[in-house]
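What follows is the content of run.txt, which has compact mmCIF, C-alpha atoms:
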```
# COMPACT_ATOMS: atom_id res chain seq x y z
CA MET A 1 -15.77 -20.64 68.99
CA PRO A 2 -18.71 -22.55 67.53
CA ARG A 3 -18.01 -24.37 64.29
CA TRP A 4 -20.70 -22.53 62.35
CA ILE A 5 -19.10 -19.19 63.18
CA GLN A 6 -15.72 -20.52 62.01
CA ALA A 7 -17.35 -21.70 58.77
CA LEU A 8 -19.06 -18.34 58.32
CA LEU A 9 -15.80 -16.48 58.83
CA THR A 10 -13.96 -18.59 56.24
CA LEU A 11 -16.91 -18.14 53.88
CA ILE A 12 -16.61 -14.39 54.24
CA LEU A 13 -12.86 -14.63 53.71
CA GLY A 14 -13.42 -16.71 50.54
CA LEU A 15 -16.05 -14.25 49.37
CA ILE A 16 -13.69 -11.31 49.79
CA ILE A 17 -10.88 -13.10 47.97
CA GLY A 18 -13.30 -14.12 45.20
CA LEU A 19 -14.52 -10.55 44.78
CA ILE A 20 -11.00 -9.15 44.71
CA TYR A 21 -9.97 -11.73 42.13
CA GLY A 22 -13.06 -11.17 39.95
CA TRP A 23 -13.03 -7.39 40.10
CA LYS A 24 -9.37 -6.50 40.33
CA ILE A 25 -7.06 -9.36 39.35
CA ALA A 26 -9.01 -10.99 36.54
CA PRO A 27 -12.00 -8.80 35.73
CA VAL A 28 -14.40 -9.66 32.95
CA GLU A 29 -12.92 -8.65 29.61
CA TYR A 30 -15.28 -7.23 27.07
CA ILE A 31 -14.60 -7.92 23.42
CA ASP A 32 -16.50 -7.59 20.14
CA LEU A 33 -18.18 -4.43 21.31
CA ALA A 34 -20.07 -1.89 19.26
CA PRO A 35 -18.93 1.74 18.96
CA ASN A 36 -21.81 2.91 21.17
CA THR A 37 -19.88 1.47 24.12
CA LEU A 38 -16.77 3.51 23.42
CA HIS A 39 -15.33 5.44 26.31
CA ALA A 40 -16.12 9.16 26.25
CA GLU A 41 -12.55 9.98 25.22
CA TYR A 42 -12.75 7.79 22.12
CA ARG A 43 -16.30 8.85 21.47
CA THR A 44 -15.28 12.49 21.20
CA GLU A 45 -12.37 11.48 18.98
CA TYR A 46 -14.73 9.47 16.79
CA ILE A 47 -17.06 12.44 16.37
CA LEU A 48 -14.12 14.67 15.53
CA MET A 49 -13.03 12.19 12.85
CA VAL A 50 -16.53 12.19 11.38
CA ALA A 51 -16.46 15.98 11.25
CA GLU A 52 -12.98 16.03 9.73
CA ALA A 53 -13.94 13.49 7.09
CA TYR A 54 -17.09 15.46 6.32
CA GLN A 55 -14.96 18.49 5.50
CA SER A 56 -13.63 16.82 2.38
CA GLU A 57 -16.41 14.33 1.64
CA ASN A 58 -19.40 16.67 2.04
CA ASP A 59 -21.61 13.64 2.41
CA LEU A 60 -24.16 14.12 5.17
CA ASP A 61 -25.67 10.68 4.66
CA LEU A 62 -22.29 9.08 5.25
CA ALA A 63 -21.60 11.26 8.28
CA ALA A 64 -25.00 10.38 9.73
CA ARG A 65 -24.41 6.68 9.14
CA ARG A 66 -21.10 6.91 10.94
CA LEU A 67 -22.66 8.77 13.84
CA ALA A 68 -25.51 6.28 14.03
CA LEU A 69 -22.99 3.71 15.26
CA LEU A 70 -22.66 5.72 18.45
CA GLY A 71 -26.22 5.15 19.61
CA SER A 72 -29.87 5.58 18.96
CA ALA A 73 -29.96 9.36 19.45
CA THR A 74 -30.15 11.53 16.35
CA PRO A 75 -26.83 12.53 14.78
CA ALA A 76 -27.41 16.13 15.85
CA GLU A 77 -28.01 15.08 19.46
CA ILE A 78 -24.88 12.93 19.46
CA ILE A 79 -22.77 15.82 18.19
CA ALA A 80 -24.36 18.36 20.54
CA GLU A 81 -23.75 16.10 23.54
CA SER A 82 -20.15 15.61 22.48
CA LEU A 83 -19.62 19.35 22.09
CA LYS A 84 -20.85 19.85 25.65
CA SER A 85 -18.71 17.18 27.23
CA GLY A 86 -15.80 16.83 24.81
CA ASP A 87 -12.46 18.50 25.27
CA TYR A 88 -11.99 20.00 21.84
CA THR A 89 -9.68 22.74 20.66
CA GLN A 90 -11.19 25.84 19.15
CA ASN A 91 -10.49 24.69 15.64
CA GLU A 92 -11.89 21.22 16.30
CA SER A 93 -15.04 22.74 17.82
CA LYS A 94 -15.43 24.87 14.73
CA ILE A 95 -15.29 21.83 12.44
CA ILE A 96 -17.76 19.92 14.59
CA LYS A 97 -20.14 22.87 14.86
CA LYS A 98 -20.13 23.17 11.09
CA LEU A 99 -21.19 19.55 10.81
CA LEU A 100 -23.78 20.05 13.54
CA GLY A 101 -25.25 23.05 11.75
CA GLU A 102 -25.64 21.14 8.53
CA ILE A 103 -26.81 17.87 10.01
CA GLN A 104 -29.60 19.57 11.95
CA THR A 105 -31.42 20.24 8.70
CA TRP A 106 -30.46 16.93 7.16
CA GLN A 107 -33.13 14.54 5.99
CA PRO A 108 -32.14 10.93 5.34
CA THR A 109 -32.12 9.94 1.71
CA LEU A 110 -34.77 7.30 1.27
CA THR A 111 -34.35 4.76 -1.47
CA GLU A 112 -37.31 2.92 -2.86
CA SER A 113 -37.12 -0.79 -2.43
CA LYS A 114 -37.82 -2.72 -5.56
CA PRO A 115 -40.13 -5.71 -5.36
CA MET B 1 -4.91 -35.93 59.07
CA LYS B 2 -7.36 -35.91 61.89
CA LYS B 3 -7.03 -32.14 62.11
CA ILE B 4 -7.90 -31.78 58.41
CA LEU B 5 -10.92 -34.01 58.81
CA THR B 6 -12.15 -31.98 61.74
CA SER B 7 -11.59 -28.69 59.83
CA TRP B 8 -13.66 -29.59 56.78
CA HIS B 9 -16.20 -26.92 57.65
CA LEU B 10 -13.49 -24.28 57.29
CA LEU B 11 -12.50 -25.57 53.87
CA LEU B 12 -16.10 -25.85 52.76
CA GLY B 13 -16.84 -22.33 53.96
CA PHE B 14 -13.83 -20.94 52.14
CA ILE B 15 -14.64 -22.72 48.87
CA LEU B 16 -18.27 -21.64 49.04
CA GLY B 17 -17.24 -18.06 49.75
CA LEU B 18 -14.71 -18.05 46.95
CA GLY B 19 -17.21 -19.46 44.48
CA LEU B 20 -19.83 -16.97 45.56
CA GLY B 21 -17.33 -14.13 45.20
CA LEU B 22 -16.42 -15.17 41.67
CA VAL B 23 -20.05 -15.57 40.64
CA ILE B 24 -20.85 -12.10 41.96
CA SER B 25 -17.79 -10.43 40.40
CA TRP B 26 -17.97 -12.15 37.03
CA THR B 27 -21.70 -12.49 36.36
CA ILE B 28 -23.99 -10.70 38.81
CA ILE B 29 -22.09 -7.44 39.28
CA PRO B 30 -19.21 -7.53 36.79
CA GLN B 31 -16.84 -4.64 36.84
CA THR B 32 -18.00 -2.07 34.32
CA THR B 33 -15.30 -1.41 31.77
CA PRO B 34 -13.49 1.75 32.78
CA ALA B 35 -12.58 2.54 29.19
CA THR B 36 -13.92 0.71 26.20
CA SER B 37 -11.24 1.34 23.65
CA PRO B 38 -11.39 0.86 19.88
CA SER B 39 -9.27 -2.27 20.32
CA GLN B 40 -12.25 -3.95 21.97
CA LEU B 41 -14.55 -3.34 19.03
CA ARG B 42 -15.85 -6.14 16.87
CA ASP B 43 -13.78 -6.70 13.74
CA ASP B 44 -16.25 -5.09 11.35
CA PHE B 45 -16.49 -2.04 13.59
CA LYS B 46 -12.70 -1.90 13.71
CA ASP B 47 -12.77 -1.77 9.92
CA SER B 48 -15.24 1.10 10.07
CA TYR B 49 -13.03 2.83 12.60
CA ARG B 50 -9.94 2.44 10.41
CA ALA B 51 -11.84 3.66 7.37
CA LEU B 52 -12.91 6.70 9.35
CA ILE B 53 -9.32 7.36 10.43
CA ALA B 54 -8.30 7.19 6.77
CA ALA B 55 -11.12 9.51 5.72
CA ALA B 56 -10.20 12.01 8.43
CA TYR B 57 -6.56 11.78 7.40
CA ALA B 58 -7.50 12.40 3.77
CA SER B 59 -9.13 15.60 4.93
CA THR B 60 -6.56 16.89 7.41
CA GLY B 61 -3.29 15.32 6.28
CA ASN B 62 -2.33 15.01 9.95
CA LEU B 63 -0.28 11.80 9.97
CA PRO B 64 0.80 11.81 13.64
CA ARG B 65 -2.83 12.16 14.64
CA ALA B 66 -3.79 9.30 12.35
CA GLN B 67 -1.01 7.20 13.84
CA SER B 68 -2.14 7.85 17.39
CA ARG B 69 -5.70 6.99 16.40
CA LEU B 70 -4.54 3.77 14.79
CA ALA B 71 -2.55 2.96 17.91
CA ALA B 72 -5.81 2.86 19.87
CA LEU B 73 -6.82 -0.17 17.80
CA ASN B 74 -3.82 -2.12 19.11
CA ASP B 75 -3.19 -3.80 15.78
CA PRO B 76 0.10 -5.71 15.76
CA ASP B 77 0.97 -3.89 12.54
CA SER B 78 -1.26 -1.04 11.43
CA VAL B 79 0.05 -1.09 7.87
CA VAL B 80 -0.74 -4.78 7.44
CA ALA B 81 -4.13 -4.29 9.07
CA ILE B 82 -5.04 -1.49 6.67
CA LYS B 83 -3.81 -3.44 3.68
CA SER B 84 -5.88 -6.44 4.65
CA GLN B 85 -8.87 -4.22 5.18
CA ALA B 86 -8.35 -2.61 1.78
CA GLN B 87 -8.35 -5.99 0.15
CA ARG B 88 -11.58 -6.92 1.91
CA ALA B 89 -13.06 -3.58 0.92
CA LEU B 90 -11.99 -4.13 -2.66
CA ALA B 91 -13.62 -7.56 -2.67
CA LYS B 92 -16.81 -6.12 -1.17
CA GLY B 93 -16.87 -3.36 -3.76
CA ASP B 94 -16.56 -0.45 -1.34
CA SER B 95 -16.49 3.07 -2.69
CA PRO B 96 -13.36 4.15 -4.57
CA GLU B 97 -13.08 7.15 -2.23
CA SER B 98 -12.85 4.86 0.78
CA LEU B 99 -10.21 2.70 -0.91
CA ASP B 100 -8.23 5.73 -2.02
CA ALA B 101 -8.26 7.08 1.53
CA LEU B 102 -6.98 3.77 2.88
CA ALA B 103 -4.35 3.62 0.14
CA ALA B 104 -3.15 7.16 0.84
CA LEU B 105 -2.92 6.50 4.56
CA VAL B 106 -0.99 3.27 4.22
CA ALA B 107 1.35 4.74 1.61
CA ASN B 108 2.22 7.65 3.89
CA LEU B 109 2.56 5.40 6.90
CA GLU B 110 5.06 3.31 4.98
CA LYS B 111 6.96 6.40 3.88
CA GLU B 112 7.06 7.57 7.47
CA ILE B 113 8.32 4.19 8.67
CA SER B 114 10.98 4.10 5.94
CA ALA B 115 12.09 7.63 6.72
CA THR B 116 12.31 6.86 10.44
CA GLU B 117 14.37 3.75 9.86
CA ILE B 118 16.68 5.43 7.40
CA THR B 119 17.17 8.40 9.73
CA ALA B 120 17.90 6.09 12.63
CA ALA B 121 20.45 4.20 10.55
CA SER B 122 22.18 7.35 9.31
CA ILE B 123 22.85 8.63 12.85
CA PRO B 124 25.80 6.72 14.32
CA THR B 125 25.38 5.73 17.92
CA GLN B 126 28.95 6.79 18.78
CA THR B 127 28.62 10.35 17.56
CA PRO B 128 26.89 11.79 20.63
CA GLN B 129 29.69 10.44 22.86
CA ILE B 130 32.36 12.11 20.72
CA ALA B 131 30.44 15.36 20.83
CA THR B 132 30.19 15.21 24.61
CA LYS B 133 33.92 14.65 25.05
CA THR B 134 35.05 17.37 22.70
CA GLY B 135 32.17 19.71 23.19
CA ILE B 136 31.85 19.99 19.44
CA ALA B 137 28.54 19.26 17.87
CA PRO B 138 28.65 16.39 15.40
CA THR B 139 28.89 17.56 11.85
CA ALA B 140 27.51 16.09 8.71
CA THR B 141 31.02 14.88 7.83
CA GLU B 142 31.30 12.94 11.05
CA SER B 143 27.98 11.33 10.40
CA ALA B 144 28.91 10.48 6.87
CA SER B 145 32.26 8.96 7.81
CA THR B 146 30.82 6.49 10.23
CA PRO B 147 31.87 2.90 9.59
CA GLU B 148 28.28 1.75 10.16
CA PRO B 149 26.95 0.25 6.96
CA PRO B 150 24.07 2.25 5.53
CA MET B 151 20.62 0.84 6.06
CA PRO B 152 19.33 -0.46 2.76
CA THR B 153 16.54 1.61 1.36
CA LEU B 154 13.28 -0.12 2.05
CA THR B 155 11.42 -1.23 -0.99
CA GLU B 156 8.12 0.52 -1.11
CA ILE B 157 5.39 -2.06 -0.96
CA PRO B 158 2.73 -1.15 -3.46
CA PHE B 159 -0.81 -0.83 -2.36
CA PHE B 160 -4.08 -0.85 -4.21
CA THR B 161 -4.02 2.01 -6.58
CA ARG B 162 -5.80 2.93 -9.71
CA THR B 163 -2.55 4.04 -11.29
CA PRO B 164 -0.24 1.04 -11.19
CA ALA B 165 2.30 2.94 -13.27
CA SER B 166 3.34 4.92 -10.17
CA ILE B 167 4.54 1.84 -8.33
CA THR B 168 8.26 2.01 -7.65
CA THR B 169 9.15 -1.62 -7.00
CA ALA B 170 10.39 -4.03 -9.62
CA SER B 171 8.35 -3.31 -12.65
CA PRO B 172 7.84 -5.38 -15.73
CA THR B 173 9.97 -4.71 -18.77
CA PRO B 174 7.73 -2.82 -21.16
CA GLY B 175 6.64 -4.85 -24.12
CA ALA B 176 7.56 -8.20 -22.60
CA PRO B 177 4.35 -10.06 -21.92
CA TYR B 178 4.30 -12.50 -19.04
CA VAL B 179 4.14 -16.17 -19.74
CA LEU B 180 2.26 -18.69 -17.67
CA GLN B 181 5.10 -20.88 -16.46
CA THR B 182 3.28 -23.35 -14.27
CA GLN B 183 -0.26 -24.20 -13.30
CA ASP B 184 -0.51 -26.51 -10.29
CA GLU B 185 -3.37 -28.01 -8.41
CA ILE B 186 -2.54 -28.19 -4.73
CA CYS B 187 -4.39 -30.35 -2.27
CA SER B 188 -3.65 -29.19 1.24
CA VAL B 189 -5.97 -28.87 4.19
CA ASN B 190 -3.73 -26.10 5.47
CA LEU B 191 -4.67 -23.74 2.64
CA SER B 192 -7.94 -21.89 2.21
CA GLU B 193 -10.30 -23.89 0.07
CA GLY B 194 -10.86 -22.65 -3.46
CA LEU B 195 -7.98 -20.20 -3.45
CA LEU B 196 -6.49 -19.06 -6.75
CA MET B 197 -2.88 -18.15 -5.97
CA VAL B 198 -0.95 -16.10 -8.49
CA TYR B 199 2.79 -15.47 -8.44
CA VAL B 200 4.34 -12.94 -10.80
CA SER B 201 8.05 -12.50 -11.36
CA ASP B 202 10.21 -10.71 -13.89
CA LYS B 203 12.78 -12.27 -16.19
CA SER B 204 15.37 -12.38 -13.40
CA ASN B 205 12.82 -14.31 -11.31
CA LYS B 206 12.34 -11.36 -8.99
CA ALA B 207 8.84 -10.96 -7.54
CA VAL B 208 6.97 -8.09 -9.11
CA ALA B 209 4.51 -6.15 -7.02
CA GLY B 210 1.66 -4.01 -8.25
CA VAL B 211 0.82 -6.17 -11.23
CA GLU B 212 -2.85 -5.89 -12.08
CA ILE B 213 -4.55 -9.24 -12.54
CA ILE B 214 -7.87 -9.58 -14.31
CA VAL B 215 -10.05 -12.53 -13.59
CA THR B 216 -13.30 -13.13 -15.47
CA TRP B 217 -16.10 -15.62 -15.03
CA GLY B 218 -19.66 -15.87 -16.32
CA GLY B 219 -19.75 -12.29 -17.54
CA ASN B 220 -18.18 -10.95 -14.32
CA GLU B 221 -14.79 -9.37 -14.03
CA GLU B 222 -12.60 -8.54 -11.06
CA HIS B 223 -9.23 -6.87 -10.78
CA PHE B 224 -6.70 -7.48 -8.07
CA PHE B 225 -3.02 -6.75 -7.54
CA THR B 226 0.13 -8.50 -6.49
CA GLY B 227 1.93 -7.21 -3.42
CA LEU B 228 -1.07 -6.62 -1.17
CA LYS B 229 0.06 -9.46 1.07
CA PRO B 230 3.76 -8.73 1.39
CA GLU B 231 4.13 -11.38 4.05
CA LEU B 232 3.50 -13.90 1.27
CA GLY B 233 5.80 -12.21 -1.21
CA ASN B 234 5.65 -9.04 -3.25
CA GLY B 235 4.70 -10.95 -6.37
CA TYR B 236 1.85 -12.80 -4.71
CA ALA B 237 -1.88 -12.25 -5.08
CA ASP B 238 -4.88 -14.46 -4.50
CA PHE B 239 -8.51 -14.69 -5.35
CA ALA B 240 -11.28 -16.80 -3.83
CA MET B 241 -12.96 -18.99 -6.43
CA GLU B 242 -16.40 -20.43 -6.00
CA PRO B 243 -17.20 -24.08 -6.65
CA GLY B 244 -18.83 -24.88 -9.95
CA LYS B 245 -17.57 -21.77 -11.71
CA THR B 246 -14.97 -21.57 -14.42
CA TYR B 247 -12.56 -18.65 -14.49
CA ALA B 248 -10.14 -17.10 -16.93
CA LEU B 249 -7.19 -15.04 -15.82
CA ARG B 250 -4.70 -12.71 -17.44
CA LEU B 251 -2.38 -9.92 -16.40
CA ALA B 252 -3.38 -6.42 -17.41
CA ALA B 253 0.21 -5.65 -18.44
CA GLY B 254 0.00 -8.41 -21.02
CA SER B 255 0.33 -12.12 -20.59
CA THR B 256 -0.75 -15.44 -21.88
CA ALA B 257 -4.28 -16.11 -20.71
CA ALA B 258 -5.08 -18.93 -18.35
CA SER B 259 -8.54 -20.24 -19.01
CA ASN B 260 -10.85 -22.98 -17.78
CA LEU B 261 -9.67 -22.49 -14.23
CA SER B 262 -11.77 -24.12 -11.57
CA ILE B 263 -11.34 -25.36 -8.05
CA PRO B 264 -9.60 -28.73 -7.93
CA SER B 265 -11.39 -31.42 -6.00
CA CYS B 266 -9.36 -33.17 -3.32
CA GLN B 267 -9.77 -35.87 -0.73
CA ASP B 268 -8.25 -36.06 2.71
CA ASP B 269 -6.73 -39.19 4.29
CA GLU B 270 -10.14 -40.40 5.37
CA GLY B 271 -11.62 -39.99 1.93
CA ASN B 272 -13.59 -36.83 2.74
CA PRO B 273 -13.76 -34.44 -0.20
CA TYR B 274 -12.59 -30.84 0.07
CA TRP B 275 -11.65 -28.06 -2.32
CA GLY B 276 -8.04 -27.60 -3.23
CA VAL B 277 -6.02 -24.63 -4.40
CA LEU B 278 -4.88 -23.57 -7.84
CA ARG B 279 -1.44 -22.00 -8.22
CA LEU B 280 -0.37 -20.06 -11.29
CA LYS B 281 3.12 -18.73 -11.86
CA PHE B 282 3.71 -16.01 -14.41
CA GLN B 283 7.14 -14.88 -15.47
CA GLN B 284 8.56 -12.56 -18.05
CA PRO B 285 10.64 -14.36 -20.64
```
Turn the structure described in the file into structure tokens.
Amino acid sequence: MPRWIQALLTLILGLIIGLIYGWKIAPVEYIDLAPNTLHAEYRTEYILMVAEAYQSENDLDLAARRLALLGSATPAEIIAESLKSGDYTQNESKIIKKLLGEIQTWQPTLTESKP
Amino acid sequence: MKKILTSWHLLLGFILGLGLGLVISWTIIPQTTPATSPSQLRDDFKDSYRALIAAAYASTGNLPRAQSRLAALNDPDSVVAIKSQAQRALAKGDSPESLDALAALVANLEKEISATEITAASIPTQTPQIATKTGIAPTATESASTPEPPMPTLTEIPFFTRTPASITTASPTPGAPYVLQTQDEICSVNLSEGLLMVYVSDKSNKAVAGVEIIVTWGGNEEHFFTGLKPELGNGYADFAMEPGKTYALRLAAGSTAASNLSIPSCQDDEGNPYWGVLRLKFQQP
């Protein structure tokens, strides 16, 4: 067998081992992430927590600020998307829908900046 | 040896392939995270997440749910993590509602932990075996007559609260003001620079948690409490001083005032200056 074919075969073998090691054995670990990268399961849980907290706090600004951490979409869009894809119980859906209903008409409170 | 020299192309090919595989798998096409969990969040986002858990708990009162949510953060000790966060929040001047929610959550977590440990200690390990042999369910008498020593009741570690009177740990004797016993300047590179460390103990020299400490400087005032860092002692509290400022400190329950407190200046072995630590010890007479 020609030497270049032998070299190519070992290169392919090394490549396969390198890929297995980098993807399976020691994959890249992500740290210091923002909440917008949360897995869907935790994302739905996060939205549920915002809705639960809103029940007692009644602070739409605070709820919107918390939801804003989940991405650039509007708070209402974030909740609506979660309601579609999330696996919520009936009671949880009710709480979230209440927040959705109120946040759809919410206008952010603007504070004047002082010179 | 000759064989190795003639097989260099195989080795080179393998090393090149391996390197290429690692570059592809780690930088060009890294594996997308299958599940980004709260434990992978940046520290400040973890704080926000914990605060949200506490707020949700304040609304629902569902402690098991709060515990499972906290578990997703993978903190070595959730209670300690929340306490530390509360202290940071207090220093930042976060809303009282947020602090109260954190306080309520940590207090109930501690109660739950205490109850679990006490329950575990009160059930003798031998009882189920006896019940199996005799077919008789263990009775309360059997449980009570176990030779196992009872688990000591855990001392409730106080947490930030606006009503220090409710704290159940060693409390100061009413009417006995604390006295500043010692005031030391400590030069150690192992301690945080500019730290004001306060230790409070009662007349039997037992650390007292939940003592409100008032520190004032240049028209500003801040309150903090002993016991928020139980790993350093229930009677311990600290405050970060800033260079060039002079502080006065007293205990809200009544004490001699310590004034003209400032960061001591220190030098390391090579003559480089750094800020030292001030340690105050208060005790009831």
Kindly provide, as a VMD selection string, the residues of chain A having any atom no farther than 6 Å from an atom of chain B, counting all atoms listed in the file.
-> chain A and resid 7 10 to 12 14 to 15 18 to 19 22 to 23 28 31 to 34 38 to 39 49 52 to 53 56
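For the atom pair formed by CA of Asn108 in chain B and CA of Val80 in chain B, the distance is 13.3 Å, given to one decimal.
CA of Pro75 in chain A to CA of Ile103 in chain A spans 7.2 Å [interatomic distance, one decimal].
A straight line drawn from CA of Asp238 in chain B to CA of Thr226 in chain B is 8.0 Å long.
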Write out as a ChimeraX atom specification each polymer residue whose atoms come within 10 Å of Leu70 in chain A, counting only C-alpha atoms; drop sequence neighbours fewer than 5 positions from it.
-> /A:34-38,43,46-47,65,75,78
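Of the listed residues A:Glu92, A:Glu102, A:Glu45, A:Asp87, the one whose atoms come nearest to Ala64 in chain A is A:Glu102, with distances taken using all atoms listed in the file.
Considering the residues B:Phe282, B:Trp275, B:Tyr247, B:Tyr236 and counting all atoms listed in the file, Thr182 in chain B has its shortest atom-to-atom contact with B:Phe282.
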